[in-house]
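Working notes, structure below.
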Amino acid sequence: WLARAHAWAHEQLRRRLGEPAASVVSGELWGERAAIPPSLRAEFQETGTVHVLVTAGLHLGAVTAFATLLLGALAMPRALTCAVAIAVVWLFVWWSGAQLPAVRAATMATAALAARACGRATFSWNALAIAAIVVALARPSSVASASFALSFSCVGAIFACAAPLER
């Protein structure tokens, strides 16, 4: 069912955007890279921008922010806004194939939204720890993968450098 939905969505993008733009957008939205011409894929790799075609923190952060802003505009209570935004985030993760970086980012977004619903700080090492535990429990074999190491070490580095850079 999901593959048919992706094919339908890609066709809608192709009609409106043409190629290769439709393939790039489908790569950004649900990680579909098969339709991207090899020469364009090579350009993404050579320029170091291939990460935009992997659903992860950037994409989940945008989905979280967009959902929160839209729901907030409806003047719903903060807790309900956060709960619905969490559902939207996980729906997007499912739509994108639930790859490890997306699950990590969604778990962190869930922790941040739950903290926001409770009036607590949303930027937290606890969110990263919760995400590591969730991923380790859901996919124990992933703990030994490069994806796990890169995903968590990069976010950890961002957390470690954020305060000094802000100052």
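Scheme for the structure tokens: letters A, B, ... for chains in order shown; per-chain residue numbers from 1; ligand numbers from 1 in order shown.
Near stretch 99-114 of chain A, within 7 Å and counting only C-alpha atoms, sit A:Thr55, A:Ala56, A:Gly57, A:Leu60, A:Cys82, A:Ile86, A:Val89, A:Trp90, A:Val93, A:Thr122, A:Phe123, A:Ala127, A:Leu128, A:Ala131, A:Val135, A:Ser151, not including residues fewer than 6 positions from it in the same chain.
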Output N, CA and C atoms of each residue in that selection to a file, as a short mmCIF file (atom, residue, chain, number, x, y, z; two decimals), in the first residue's frame.
```cif
data_model
loop_
_atom_site.label_atom_id
_atom_site.label_comp_id
_atom_site.auth_asym_id
_atom_site.auth_seq_id
_atom_site.Cartn_x
_atom_site.Cartn_y
_atom_site.Cartn_z
N THR A 55 15.70 11.22 4.92
CA THR A 55 14.79 11.80 5.90
C THR A 55 15.41 11.68 7.28
N ALA A 56 15.70 12.81 7.89
CA ALA A 56 16.34 12.82 9.21
C ALA A 56 15.97 14.11 9.94
N GLY A 57 16.89 14.62 10.72
CA GLY A 57 16.62 15.75 11.59
C GLY A 57 16.11 16.99 10.88
N LEU A 60 12.51 16.22 9.72
CA LEU A 60 11.59 16.06 10.84
C LEU A 60 11.44 17.36 11.62
N CYS A 82 0.61 19.85 20.86
CA CYS A 82 1.81 19.01 20.90
C CYS A 82 1.48 17.55 20.62
N ILE A 86 2.89 15.45 17.47
CA ILE A 86 3.62 14.19 17.64
C ILE A 86 3.06 13.14 16.68
N VAL A 89 4.25 13.92 13.18
CA VAL A 89 5.66 13.57 13.03
C VAL A 89 5.83 12.08 12.78
N TRP A 90 5.16 11.25 13.58
CA TRP A 90 5.30 9.80 13.43
C TRP A 90 4.63 9.30 12.15
N VAL A 93 7.23 9.89 9.61
CA VAL A 93 8.29 8.87 9.72
C VAL A 93 7.85 7.59 9.02
N THR A 122 12.81 22.47 25.86
CA THR A 122 12.72 21.47 24.80
C THR A 122 14.08 21.04 24.28
N PHE A 123 15.12 21.83 24.50
CA PHE A 123 16.47 21.52 24.04
C PHE A 123 17.18 20.78 25.15
N ALA A 127 16.57 14.29 25.66
CA ALA A 127 15.91 13.88 24.42
C ALA A 127 16.81 12.98 23.59
N LEU A 128 18.10 13.32 23.54
CA LEU A 128 19.05 12.49 22.80
C LEU A 128 19.20 11.13 23.46
N ALA A 131 16.10 9.08 22.77
CA ALA A 131 16.13 8.59 21.39
C ALA A 131 17.09 7.41 21.25
N VAL A 135 15.74 3.75 20.04
CA VAL A 135 16.31 3.11 18.85
C VAL A 135 16.98 1.79 19.22
N SER A 151 24.51 9.32 13.39
CA SER A 151 23.30 10.04 13.76
C SER A 151 23.41 10.63 15.16
#
```
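You will find atom CA of A:Val54 at 12.5 Å from atom CA of A:Arg41.
For the residues A:Pro20, A:Gly72, A:Pro77, A:Gly31, ranking by smallest atom-to-atom distance to A:His51 using only C-alpha atoms places A:Gly31 first.
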